[in-house]
Each structure stands twice: as structure tokens, then as C-alpha cells.
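Have a look at protein16.cif below; it lists mmCIF, C-alpha atoms and all ligand atoms.
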```cif
data_coords
#
loop_
_atom_site.label_atom_id
_atom_site.label_comp_id
_atom_site.auth_asym_id
_atom_site.auth_seq_id
_atom_site.Cartn_x
_atom_site.Cartn_y
_atom_site.Cartn_z
CA MET A 1 -65.38 -57.76 17.75
CA LEU A 2 -63.61 -55.27 19.92
CA ARG A 3 -60.46 -56.59 21.48
CA PHE A 4 -59.54 -53.54 23.44
CA ALA A 5 -61.28 -50.90 25.43
CA TYR A 6 -63.07 -48.15 23.62
CA LEU A 7 -64.62 -44.84 24.54
CA SER A 8 -67.86 -43.71 23.05
CA ALA A 9 -67.43 -41.25 20.20
CA LEU A 10 -64.46 -39.09 21.14
CA TRP A 11 -65.86 -36.13 19.32
CA ARG A 12 -68.75 -36.13 21.76
CA LEU A 13 -66.31 -35.99 24.62
CA GLU A 14 -64.70 -32.99 23.00
CA GLN A 15 -68.08 -31.42 22.33
CA SER A 16 -68.95 -31.33 26.00
CA ALA A 17 -65.63 -29.90 27.20
CA PRO A 18 -66.45 -26.55 28.78
CA PRO A 19 -64.56 -23.61 27.33
CA LEU A 20 -63.77 -22.34 30.81
CA LEU A 21 -61.62 -25.40 31.35
CA HIS A 22 -58.21 -25.68 29.77
CA ARG A 23 -57.03 -29.22 29.68
CA CYS A 24 -54.02 -29.94 31.82
CA SER A 25 -53.74 -33.55 30.80
CA THR A 26 -55.40 -35.79 28.30
CA VAL A 27 -55.45 -39.53 28.10
CA ALA A 28 -56.91 -41.12 25.00
CA ILE A 29 -57.49 -44.83 24.66
CA GLN A 30 -56.04 -46.57 21.63
CA LEU A 31 -58.73 -47.99 19.44
CA SER A 32 -58.17 -51.27 17.70
CA SER A 33 -61.55 -51.15 15.92
CA PRO A 34 -63.92 -48.38 14.90
CA VAL A 35 -66.13 -46.94 17.61
CA VAL A 36 -69.37 -48.92 17.76
CA ALA A 37 -72.57 -46.92 17.37
CA VAL A 38 -74.82 -47.62 20.33
CA PRO A 39 -78.60 -47.67 19.96
CA ARG A 40 -79.06 -45.33 22.89
CA PRO A 41 -78.14 -41.76 23.81
CA HIS A 42 -74.64 -40.81 24.85
CA ILE A 43 -74.89 -40.51 28.64
CA THR A 44 -72.90 -38.08 30.74
CA THR A 45 -73.09 -37.85 34.51
CA ILE A 46 -72.07 -34.66 36.27
CA LEU A 47 -71.63 -34.28 40.01
CA ALA A 48 -69.71 -32.24 42.55
CA MET A 49 -68.37 -33.92 45.66
CA SER A 50 -66.45 -33.05 48.79
CA ALA A 51 -62.83 -34.12 49.19
CA ASP A 52 -64.13 -37.15 51.10
CA GLY A 53 -66.53 -38.14 48.33
CA LYS A 54 -69.92 -36.87 49.54
CA ILE A 55 -72.41 -35.15 47.24
CA THR A 56 -74.49 -33.50 49.96
CA ASP A 57 -74.48 -33.06 53.71
CA ALA A 58 -75.51 -35.52 56.40
CA ARG A 59 -79.05 -34.07 56.32
CA HIS A 60 -79.37 -34.81 52.59
CA GLY A 61 -80.11 -31.17 51.84
CA ALA A 62 -79.40 -29.16 48.71
CA ALA A 63 -75.73 -29.43 47.76
CA ARG A 64 -74.77 -25.79 47.75
CA PHE A 65 -71.06 -26.21 48.44
CA PRO A 66 -69.59 -25.99 44.87
CA SER A 67 -68.33 -22.65 43.52
CA ALA A 68 -69.79 -20.37 40.85
CA ALA A 69 -67.23 -21.85 38.44
CA ASP A 70 -68.79 -25.26 39.02
CA GLY A 71 -72.21 -23.75 38.36
CA ARG A 72 -70.97 -22.50 34.97
CA HIS A 73 -69.45 -25.89 34.31
CA LEU A 74 -72.81 -27.59 34.98
CA GLU A 75 -74.58 -25.10 32.75
CA GLN A 76 -72.11 -25.73 29.93
CA CYS A 77 -72.62 -29.46 30.26
CA LEU A 78 -76.40 -29.09 30.32
CA SER A 79 -76.25 -26.99 27.17
CA THR A 80 -75.04 -30.06 25.25
CA ALA A 81 -78.02 -32.15 26.43
CA ASP A 82 -81.27 -33.04 24.75
CA ALA A 83 -82.58 -34.27 28.08
CA THR A 84 -81.44 -34.33 31.67
CA LEU A 85 -82.38 -36.98 34.20
CA PHE A 86 -82.34 -36.70 37.99
CA GLY A 87 -83.63 -38.60 40.98
CA ALA A 88 -86.64 -37.60 43.05
CA ASN A 89 -84.52 -36.94 46.15
CA THR A 90 -82.47 -34.43 44.21
CA LEU A 91 -85.66 -32.58 43.31
CA ARG A 92 -86.89 -32.88 46.91
CA ALA A 93 -83.62 -31.38 48.17
CA TYR A 94 -83.56 -28.38 45.82
CA GLY A 95 -87.21 -27.85 44.89
CA THR A 96 -85.87 -26.54 41.57
CA THR A 97 -83.77 -27.71 38.66
CA ALA A 98 -80.67 -26.23 37.01
CA LEU A 99 -81.34 -23.88 34.09
CA ILE A 100 -79.25 -22.68 31.19
CA THR A 101 -79.17 -18.89 31.56
CA ASN A 102 -75.96 -17.90 29.76
CA PRO A 103 -77.05 -15.99 26.60
CA ALA A 104 -74.18 -17.44 24.54
CA LEU A 105 -75.22 -21.00 25.41
CA LEU A 106 -78.87 -20.23 24.70
CA GLU A 107 -77.90 -18.76 21.33
CA GLN A 108 -75.78 -21.81 20.58
CA ARG A 109 -78.77 -24.05 21.26
CA ARG A 110 -80.98 -21.86 19.10
CA GLN A 111 -78.52 -22.22 16.20
CA GLN A 112 -78.56 -25.98 16.74
CA ASN A 113 -82.37 -25.94 16.48
CA ARG A 114 -82.60 -27.15 20.06
CA SER A 115 -85.12 -25.99 22.63
CA PRO A 116 -83.70 -23.40 25.07
CA GLN A 117 -83.68 -25.97 27.88
CA PRO A 118 -83.29 -29.73 27.64
CA THR A 119 -86.21 -31.90 28.71
CA HIS A 120 -86.01 -32.38 32.49
CA ILE A 121 -86.92 -35.94 33.44
CA VAL A 122 -87.57 -36.68 37.11
CA CYS A 123 -87.16 -40.31 38.09
CA SER A 124 -89.47 -41.39 40.91
CA ARG A 125 -90.81 -44.84 41.66
CA SER A 126 -93.34 -43.44 44.14
CA GLY A 127 -94.38 -40.35 42.17
CA GLN A 128 -94.52 -38.56 45.52
CA LEU A 129 -93.31 -35.10 44.61
CA GLU A 130 -94.33 -31.77 46.02
CA PRO A 131 -96.66 -30.23 43.39
CA THR A 132 -96.12 -26.71 44.74
CA SER A 133 -92.35 -26.81 44.40
CA ARG A 134 -90.79 -24.08 42.25
CA PHE A 135 -89.67 -26.70 39.76
CA PHE A 136 -93.19 -26.78 38.36
CA SER A 137 -93.06 -23.13 37.38
CA GLN A 138 -89.58 -23.21 35.86
CA PRO A 139 -89.46 -22.76 32.06
CA VAL A 140 -88.44 -26.31 31.16
CA PRO A 141 -90.14 -29.23 29.47
CA ARG A 142 -90.91 -31.65 32.34
CA TRP A 143 -91.34 -35.41 32.24
CA LEU A 144 -91.91 -37.88 35.02
CA LEU A 145 -90.42 -41.36 34.73
CA THR A 146 -92.31 -43.56 37.13
CA THR A 147 -94.35 -46.68 37.88
CA PRO A 148 -98.10 -47.14 37.30
CA ALA A 149 -98.69 -46.34 40.99
CA GLY A 150 -96.42 -43.28 40.76
CA ALA A 151 -98.22 -42.08 37.65
CA ALA A 152 -101.68 -42.21 39.23
CA PRO A 153 -101.54 -38.95 41.25
CA TRP A 154 -100.41 -37.04 38.15
CA ALA A 155 -102.98 -38.47 35.74
CA ALA A 156 -105.28 -35.44 35.85
CA SER A 157 -102.48 -32.91 36.22
CA ARG A 158 -100.73 -30.84 33.55
CA SER A 159 -97.58 -30.45 35.63
CA PHE A 160 -95.67 -32.86 33.40
CA GLU A 161 -95.70 -32.86 29.62
CA ARG A 162 -95.32 -36.59 29.82
CA VAL A 163 -95.90 -39.04 32.64
CA TRP A 164 -94.00 -42.06 31.44
CA THR A 165 -94.51 -45.46 32.98
CA ALA A 166 -91.04 -46.96 32.79
CA PRO A 167 -90.43 -50.32 31.16
CA ALA A 168 -89.70 -52.66 34.06
CA ARG A 169 -87.95 -55.95 34.58
CA ASP A 170 -88.18 -58.01 37.78
CA GLY A 171 -89.93 -55.10 39.47
CA ASN A 172 -87.14 -52.62 38.69
CA PHE A 173 -86.82 -49.97 36.03
CA ASP A 174 -85.34 -51.49 32.88
CA TRP A 175 -82.76 -48.82 32.17
CA ALA A 176 -81.50 -50.34 28.93
CA ALA A 177 -85.05 -50.24 27.54
CA ILE A 178 -85.65 -46.74 28.93
CA VAL A 179 -82.61 -45.19 27.29
CA THR A 180 -83.19 -47.06 24.04
CA GLU A 181 -86.68 -45.57 23.94
CA LEU A 182 -85.24 -42.13 24.62
CA LYS A 183 -83.01 -42.54 21.58
CA THR A 184 -85.95 -43.51 19.40
CA LEU A 185 -87.70 -40.35 20.63
CA GLY A 186 -84.77 -38.30 19.33
CA PHE A 187 -82.72 -37.76 22.49
CA GLN A 188 -79.09 -38.10 21.45
CA HIS A 189 -77.35 -36.81 24.56
CA LEU A 190 -78.55 -37.36 28.09
CA VAL A 191 -77.01 -35.59 31.08
CA VAL A 192 -77.60 -37.23 34.46
CA MET A 193 -77.44 -34.76 37.36
CA GLY A 194 -77.63 -37.27 40.21
CA GLY A 195 -78.10 -38.17 42.92
CA GLY A 196 -76.24 -41.22 44.07
CA GLN A 197 -79.14 -43.68 43.92
CA LEU A 198 -80.04 -42.89 40.34
CA VAL A 199 -76.41 -42.89 39.22
CA ALA A 200 -75.90 -46.27 40.91
CA ALA A 201 -78.76 -47.79 38.89
CA LEU A 202 -77.30 -46.46 35.65
CA VAL A 203 -73.77 -47.58 36.53
CA ALA A 204 -75.10 -51.05 37.41
CA ALA A 205 -76.66 -51.19 33.94
CA ASP A 206 -73.35 -49.94 32.50
CA LEU A 207 -75.01 -47.01 30.80
CA ILE A 208 -72.70 -44.17 31.82
CA ASP A 209 -70.30 -43.12 29.05
CA GLU A 210 -68.59 -40.21 30.72
CA LEU A 211 -68.42 -38.76 34.18
CA TRP A 212 -67.64 -35.22 35.23
CA LEU A 213 -66.65 -34.95 38.87
CA THR A 214 -65.77 -31.71 40.61
CA VAL A 215 -63.76 -32.23 43.78
CA CYS A 216 -64.51 -29.43 46.25
CA PRO A 217 -62.36 -28.37 49.19
CA LEU A 218 -64.33 -29.52 52.22
CA ILE A 219 -64.95 -32.66 54.26
CA ILE A 220 -68.57 -33.59 54.94
CA GLY A 221 -68.40 -37.11 56.34
CA GLY A 222 -71.26 -39.27 57.54
CA HIS A 223 -71.63 -42.96 56.81
CA ARG A 224 -75.10 -42.47 55.31
CA THR A 225 -74.31 -39.34 53.35
CA PRO A 226 -74.90 -39.84 49.60
CA THR A 227 -71.90 -40.32 47.34
CA PRO A 228 -71.65 -40.09 43.52
CA CYS A 229 -72.66 -43.75 43.22
CA ASP A 230 -74.53 -45.48 46.05
CA GLY A 231 -76.60 -48.63 45.60
CA GLU A 232 -75.16 -52.06 46.42
CA GLY A 233 -71.66 -51.34 45.15
CA PHE A 234 -69.26 -53.66 43.33
CA ALA A 235 -66.55 -56.11 44.26
CA LEU A 236 -63.25 -54.68 43.04
CA ALA A 237 -62.97 -57.26 40.25
CA GLN A 238 -66.32 -56.07 38.87
CA ALA A 239 -65.88 -52.35 39.49
CA PRO A 240 -66.46 -50.45 36.23
CA ALA A 241 -63.15 -49.02 34.99
CA LEU A 242 -62.72 -45.42 33.87
CA THR A 243 -60.08 -43.54 31.93
CA LEU A 244 -59.09 -40.03 32.90
CA ILE A 245 -59.81 -37.75 29.95
CA SER A 246 -58.90 -34.39 31.44
CA CYS A 247 -58.39 -32.55 34.68
CA GLN A 248 -58.33 -28.87 35.49
CA THR A 249 -57.84 -26.95 38.67
CA ILE A 250 -59.70 -23.69 39.20
CA ASP A 251 -58.93 -22.05 42.51
CA ASN A 252 -59.53 -24.78 45.09
CA GLU A 253 -61.62 -27.12 42.95
CA VAL A 254 -60.53 -29.90 40.61
CA PHE A 255 -62.63 -30.67 37.54
CA LEU A 256 -62.17 -34.27 36.46
CA LYS A 257 -63.52 -35.85 33.33
CA TYR A 258 -63.59 -39.62 32.99
CA GLY A 259 -64.64 -41.87 30.12
CA ARG A 260 -66.03 -45.33 30.70
CA GLN A 261 -63.49 -47.93 29.64
CA ARG A 262 -65.27 -50.96 28.23
CA VAL A 263 -63.60 -54.22 27.32
CA SER A 264 -65.40 -56.80 25.25
CA ALA A 265 -64.38 -60.46 25.17
N1 LIG B 301 -73.27 -32.61 44.60
C1 LIG B 301 -73.99 -32.85 43.53
O1 LIG B 301 -73.53 -32.68 42.39
C2 LIG B 301 -75.39 -33.37 43.69
C3 LIG B 301 -76.15 -33.63 42.53
C4 LIG B 301 -77.43 -34.13 42.70
C5 LIG B 301 -77.93 -34.36 43.97
N2 LIG B 301 -77.17 -34.07 45.05
C6 LIG B 301 -77.69 -34.34 46.40
O2 LIG B 301 -77.92 -35.72 46.50
C7 LIG B 301 -79.05 -35.95 47.33
C8 LIG B 301 -80.00 -36.87 46.60
O3 LIG B 301 -79.34 -38.04 46.21
P1 LIG B 301 -79.94 -39.49 46.53
O4 LIG B 301 -78.95 -40.50 46.12
O5 LIG B 301 -80.47 -39.48 47.92
O6 LIG B 301 -81.23 -39.58 45.63
P2 LIG B 301 -81.59 -39.44 44.08
O7 LIG B 301 -80.84 -40.43 43.27
O8 LIG B 301 -81.59 -38.02 43.68
O9 LIG B 301 -83.13 -39.86 44.18
C9 LIG B 301 -83.50 -41.11 44.67
C10 LIG B 301 -84.95 -41.32 44.36
O10 LIG B 301 -85.12 -41.25 42.94
C11 LIG B 301 -85.93 -42.33 42.49
N3 LIG B 301 -85.04 -43.32 41.90
C12 LIG B 301 -83.68 -43.28 41.83
N4 LIG B 301 -83.23 -44.35 41.18
C13 LIG B 301 -84.29 -45.08 40.84
C14 LIG B 301 -84.46 -46.28 40.14
N5 LIG B 301 -83.42 -46.99 39.67
N6 LIG B 301 -85.69 -46.76 39.97
C15 LIG B 301 -86.76 -46.08 40.43
N7 LIG B 301 -86.67 -44.90 41.10
C16 LIG B 301 -85.44 -44.42 41.29
C17 LIG B 301 -86.61 -42.85 43.75
O11 LIG B 301 -87.69 -41.95 43.94
P3 LIG B 301 -88.97 -42.24 44.88
O12 LIG B 301 -88.45 -42.18 46.27
O13 LIG B 301 -89.90 -41.12 44.57
O14 LIG B 301 -89.51 -43.56 44.49
C18 LIG B 301 -85.50 -42.67 44.77
O15 LIG B 301 -85.94 -42.66 46.11
C19 LIG B 301 -79.65 -34.60 47.64
O16 LIG B 301 -79.32 -34.27 48.96
C20 LIG B 301 -78.99 -33.66 46.66
O17 LIG B 301 -78.77 -32.38 47.22
C21 LIG B 301 -75.92 -33.58 44.93
#
```

Let me see the structure of the file written as C-alpha cells.
Amino acid sequence: MLRFAYLSALWRLEQSAPPLLHRCSTVAIQLSSPVVAVPRPHITTILAMSADGKITDARHGAARFPSAADGRHLEQCLSTADATLFGANTLRAYGTTALITNPALLEQRRQQNRSPQPTHIVCSRSGQLEPTSRFFSQPVPRWLLTTPAGAAPWAASRSFERVWTAPARDGNFDWAAIVTELKTLGFQHLVVMGGGQLVAALVAADLIDELWLTVCPLIIGGHRTPTPCDGEGFALAQAPALTLISCQTIDNEVFLKYGRQRVSA
């Protein structure tokens, strides 16, 4: 039984540290017991937000405010992933997904016997996605995670390699079952690219192991503007605790890496 907090395998945290970032501070949690192997993928979330904590603008458009350095940071993180998961609104906002294009990262994946791009899994209850969006011609393996109703329009289509009807509980996606199934399918590391609704569901299920947040130098505002974690929110006493793993400043942006701090009774 664990008596103190633990982080998921620390070597994995190291593995995903981008080389462009030099750590300026590191906090490691003392372990009183060995790290427990979890029967699910290691899950990293990566987001950029404004100084006031918004991940897009008040119109919910594509979040094009982070710098090129943040783009490289995202690409580095993606290069460690077997699959990446994102919400339907994120796809609706961009019409595309993020690709690994850096030759060194592609070569690294080749040497690791990984596909050039991770599997891109769109999460959509409704299945209502624009079939002509550029996403469907990007060179990535595409899956749709959806409901039976959401799957119906895609049944005769070859747009997705897999249209996956999500295990559900009480009418909602059963995230614990979903990620466990991903592990059995061989996905060891999952990178979640947002947005705030999807991240909220995963946080509520306590499935996020580490969180990369880039703080960008602007104020967006708006009481309905998405944040890194939306949903119903938590009372302070139940708010999931994090530990700061590293932080780095590049020009006007701050790159923060947090680990989920879990305490078992
Ligand atoms: N700054 C950044 O790093 C960053 C990163 C990503 C996105 N963004 C921005 O964030 C905005 C989108 O964020 P968002 O919070 O509005 O939406 P989101 O999480 O991207 O997508 C929400 C949609 O995804 C599906 N979904 C999410 N969670 C679900 C769950 N638990 N069960 C079933 N379906 C689920 C639903 O699709 P259906 O409606 O189809 O049922 C839902 O309406 C965009 O404007 C984008 O530009 C910013």
C-alpha cells in the first residue's frame, strides 16, 4: 500500500522532456514504495494558455497565439506518443491536426520501430465532423472514438481506420475502460492535446499523469472562453494536486511541467 504520493514512472517524465528546454528547477517526490505499474497508458496532456488561463479566444477559434518554440515543444511531446487524443471542437477549430515534421524526431521514431505519426484519435459523442476538412488528407492513422449514433454516419466511410464505439457507463464515456483497452491494443503513451472539455473528463476520471502547460504573454478573457480544464470543476478539497517537475522560460513564454500527485489511503 502506498502511504505517500507517487508519480508515474519518473523515467517516462524524463523521456518526454524536450531537448530545447533546459530545466531551471526540478521537484521530485519522495517515494516510500516502488512505483506501481498501471494497466493503462501513461497519459500526458499538453496545452498552451494565455496569462489569464484561456486556451483559445472568445470565439473558440484555432489557438494560434503560442510561439514557434511552443510548436516545437508540442512536436517533441507528440514524438513520444503512440496515440494522441483530442476533442471534436479542437478539430472543428483547426480543421487539421499537429504533425511531427522534424526529421530528427521522425528518425528517432523509425529507430524505435514506431510509425512516423502517432494514431490520432478524435473524441466526438455526436460524430458530427466535417468530412472535407484537411484533417482527412493528413498522413496520420485516424480513429474516431464515439457513440453508436456518432458512428453511424461513418459506417460506410474509409475516413477513419477505426470507428470505435466507446465503452460507456451511465450514458457517459467510460474513460477508465477506454484507456485500459488502449493499453491492451499496445498504446503505451497517450498524449492529450485538448481541449478543455476532453481534458476535464480525463481529469475527473483521474487519468492524467503529467501536464505540460505553456503560459503565453497575452490576456484573452471571456467568461465562456475554454480553459485547460472545463467541465463541472472541483471543490478545493477535491481538486487534484500536482507537483511541479520543471519550468523553463523561453523569451516571453513559460513552459511548465507538472506531475499528478496521488495519495492513497
Ligand atoms: N491552446 C491550446 O493548447 C489548445 C489545445 C486544444 C484546443 N484548443 C482550443 O480549444 C477549443 C476547443 O476546446 P473545447 O473545450 O471547446 O472542446 P474539445 O474538448 O476540443 O471538444 C469538445 C467536444 O469533444 C467531444 N468530447 C469531449 N469530451 C467528451 C467526453 N467526455 N465524452 C464524449 N465526447 C466528448 C464532444 O464532441 P461532440 O460535440 O462531437 O459530441 C465535445 O463537444 C478550440 O477553440 C481550440 O482552438 C486550444

Would you name the residues within 7 Å of ligand LIG 301 (chain B), counting only C-alpha atoms and all ligand atoms, and put them as number ranges by chain? A: 46-49, 55-57, 60-63, 86-91, 93-94, 123-129, 146, 172-173, 193-199, 201, 226, 230

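Neighbourhood of point (-61.3, -32.5, 32.7): residues with an atom at most 7 Å away, counting all atoms listed in the file, are Arg23, Ile245, Ser246, Cys247, Gln248, Phe255, Leu256 and Lys257 of chain A.
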
The selected residues should be written to file as a CSV table (one decimal), keeping the file's coordinate frame (atoms: C-alpha atoms).
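As written to disk, selection.csv reads:
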```
chain,number,residue,atom,x,y,z
A,23,ARG,CA,-57.0,-29.2,29.7
A,245,ILE,CA,-59.8,-37.8,30.0
A,246,SER,CA,-58.9,-34.4,31.4
A,247,CYS,CA,-58.4,-32.6,34.7
A,248,GLN,CA,-58.3,-28.9,35.5
A,255,PHE,CA,-62.6,-30.7,37.5
A,256,LEU,CA,-62.2,-34.3,36.5
A,257,LYS,CA,-63.5,-35.8,33.3
```

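Picture a line from atom CA of A:Leu244 to atom CA of A:Asp82; it runs 24.6 Å.
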
Practice prompt. Might you pull out every residue within 8 Å of A:Leu211, with all atoms listed in the file counted and same-chain residues fewer than 5 positions away left off, and present them as a list of chain:residue names?
Written response: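 In the requested format, the answer is A:Thr44, A:Thr45, A:Ile46, A:Lys257, A:Tyr258, A:Gly259, A:Arg260.
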
Separation of atom CA of A:Glu107 from atom CA of A:Arg40 in Å:
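Distance reported for this atom pair: 26.6 Å.
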
The residue from A:Val263, A:Leu105, A:Leu218, A:Val179 with the smallest atom-to-atom distance to A:Cys77, counting all atoms listed in the file, is A:Leu105

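Atom CA of A:Pro240 is positioned 23.4 Å from atom CA of A:Cys216.
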
Problem - Residue with smallest distance to A:Arg114 - pool A:Leu85, A:Phe187, A:Trp175, A:Asn102, counting all atoms listed in the file - result: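 Under the stated criterion, the closest residue is A:Phe187.
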
Would you mind completing stretch 40-63 of chain A so that it carries N, CA and C atoms, and writing it out as a PDB file, keeping the file's coordinate frame?
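This is the output file selection-v2.pdb:
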```pdb
ATOM      1  N   ARG A  40     -78.554 -46.059  21.730  1.00  0.00           N
ATOM      2  CA  ARG A  40     -79.060 -45.330  22.890  1.00  0.00           C
ATOM      3  C   ARG A  40     -78.348 -43.980  22.923  1.00  0.00           C
ATOM      4  N   PRO A  41     -78.821 -43.055  23.751  1.00  0.00           N
ATOM      5  CA  PRO A  41     -78.140 -41.760  23.810  1.00  0.00           C
ATOM      6  C   PRO A  41     -76.754 -41.894  24.443  1.00  0.00           C
ATOM      7  N   HIS A  42     -75.897 -40.951  24.120  1.00  0.00           N
ATOM      8  CA  HIS A  42     -74.640 -40.810  24.850  1.00  0.00           C
ATOM      9  C   HIS A  42     -75.006 -40.284  26.233  1.00  0.00           C
ATOM     10  N   ILE A  43     -74.447 -40.874  27.281  1.00  0.00           N
ATOM     11  CA  ILE A  43     -74.890 -40.510  28.640  1.00  0.00           C
ATOM     12  C   ILE A  43     -73.729 -39.987  29.465  1.00  0.00           C
ATOM     13  N   THR A  44     -73.902 -38.765  29.921  1.00  0.00           N
ATOM     14  CA  THR A  44     -72.900 -38.080  30.740  1.00  0.00           C
ATOM     15  C   THR A  44     -73.475 -37.874  32.136  1.00  0.00           C
ATOM     16  N   THR A  45     -72.681 -38.167  33.138  1.00  0.00           N
ATOM     17  CA  THR A  45     -73.090 -37.850  34.510  1.00  0.00           C
ATOM     18  C   THR A  45     -72.224 -36.708  35.012  1.00  0.00           C
ATOM     19  N   ILE A  46     -72.831 -35.800  35.734  1.00  0.00           N
ATOM     20  CA  ILE A  46     -72.070 -34.660  36.270  1.00  0.00           C
ATOM     21  C   ILE A  46     -72.445 -34.447  37.729  1.00  0.00           C
ATOM     22  N   LEU A  47     -71.423 -34.408  38.571  1.00  0.00           N
ATOM     23  CA  LEU A  47     -71.630 -34.280  40.010  1.00  0.00           C
ATOM     24  C   LEU A  47     -70.480 -33.495  40.621  1.00  0.00           C
ATOM     25  N   ALA A  48     -70.766 -32.863  41.749  1.00  0.00           N
ATOM     26  CA  ALA A  48     -69.710 -32.240  42.550  1.00  0.00           C
ATOM     27  C   ALA A  48     -69.663 -32.990  43.875  1.00  0.00           C
ATOM     28  N   MET A  49     -68.471 -33.205  44.380  1.00  0.00           N
ATOM     29  CA  MET A  49     -68.370 -33.920  45.660  1.00  0.00           C
ATOM     30  C   MET A  49     -67.318 -33.259  46.553  1.00  0.00           C
ATOM     31  N   SER A  50     -67.438 -33.539  47.835  1.00  0.00           N
ATOM     32  CA  SER A  50     -66.450 -33.050  48.790  1.00  0.00           C
ATOM     33  C   SER A  50     -65.160 -33.852  48.635  1.00  0.00           C
ATOM     34  N   ALA A  51     -64.107 -33.411  49.286  1.00  0.00           N
ATOM     35  CA  ALA A  51     -62.830 -34.120  49.190  1.00  0.00           C
ATOM     36  C   ALA A  51     -62.943 -35.541  49.722  1.00  0.00           C
ATOM     37  N   ASP A  52     -63.922 -35.791  50.593  1.00  0.00           N
ATOM     38  CA  ASP A  52     -64.130 -37.150  51.100  1.00  0.00           C
ATOM     39  C   ASP A  52     -65.258 -37.872  50.366  1.00  0.00           C
ATOM     40  N   GLY A  53     -65.633 -37.379  49.191  1.00  0.00           N
ATOM     41  CA  GLY A  53     -66.530 -38.140  48.330  1.00  0.00           C
ATOM     42  C   GLY A  53     -67.998 -38.103  48.686  1.00  0.00           C
ATOM     43  N   LYS A  54     -68.477 -36.996  49.229  1.00  0.00           N
ATOM     44  CA  LYS A  54     -69.920 -36.870  49.540  1.00  0.00           C
ATOM     45  C   LYS A  54     -70.528 -35.822  48.605  1.00  0.00           C
ATOM     46  N   ILE A  55     -71.776 -36.091  48.183  1.00  0.00           N
ATOM     47  CA  ILE A  55     -72.410 -35.150  47.240  1.00  0.00           C
ATOM     48  C   ILE A  55     -73.408 -34.216  47.926  1.00  0.00           C
ATOM     49  N   THR A  56     -73.621 -34.411  49.213  1.00  0.00           N
ATOM     50  CA  THR A  56     -74.490 -33.500  49.960  1.00  0.00           C
ATOM     51  C   THR A  56     -74.064 -33.573  51.415  1.00  0.00           C
ATOM     52  N   ASP A  57     -74.859 -32.980  52.298  1.00  0.00           N
ATOM     53  CA  ASP A  57     -74.480 -33.060  53.710  1.00  0.00           C
ATOM     54  C   ASP A  57     -75.209 -34.218  54.397  1.00  0.00           C
ATOM     55  N   ALA A  58     -74.953 -34.375  55.677  1.00  0.00           N
ATOM     56  CA  ALA A  58     -75.510 -35.520  56.400  1.00  0.00           C
ATOM     57  C   ALA A  58     -77.038 -35.425  56.509  1.00  0.00           C
ATOM     58  N   ARG A  59     -77.589 -34.233  56.288  1.00  0.00           N
ATOM     59  CA  ARG A  59     -79.050 -34.070  56.320  1.00  0.00           C
ATOM     60  C   ARG A  59     -79.689 -34.286  54.946  1.00  0.00           C
ATOM     61  N   HIS A  60     -78.892 -34.581  53.958  1.00  0.00           N
ATOM     62  CA  HIS A  60     -79.370 -34.810  52.590  1.00  0.00           C
ATOM     63  C   HIS A  60     -80.072 -33.574  52.031  1.00  0.00           C
ATOM     64  N   GLY A  61     -79.522 -32.419  52.340  1.00  0.00           N
ATOM     65  CA  GLY A  61     -80.110 -31.170  51.840  1.00  0.00           C
ATOM     66  C   GLY A  61     -79.580 -30.830  50.452  1.00  0.00           C
ATOM     67  N   ALA A  62     -79.903 -29.617  50.012  1.00  0.00           N
ATOM     68  CA  ALA A  62     -79.400 -29.160  48.710  1.00  0.00           C
ATOM     69  C   ALA A  62     -77.885 -29.002  48.790  1.00  0.00           C
ATOM     70  N   ALA A  63     -77.210 -29.449  47.762  1.00  0.00           N
ATOM     71  CA  ALA A  63     -75.730 -29.430  47.760  1.00  0.00           C
ATOM     72  C   ALA A  63     -75.255 -28.076  47.265  1.00  0.00           C
TER      73      ALA A  63
END
```
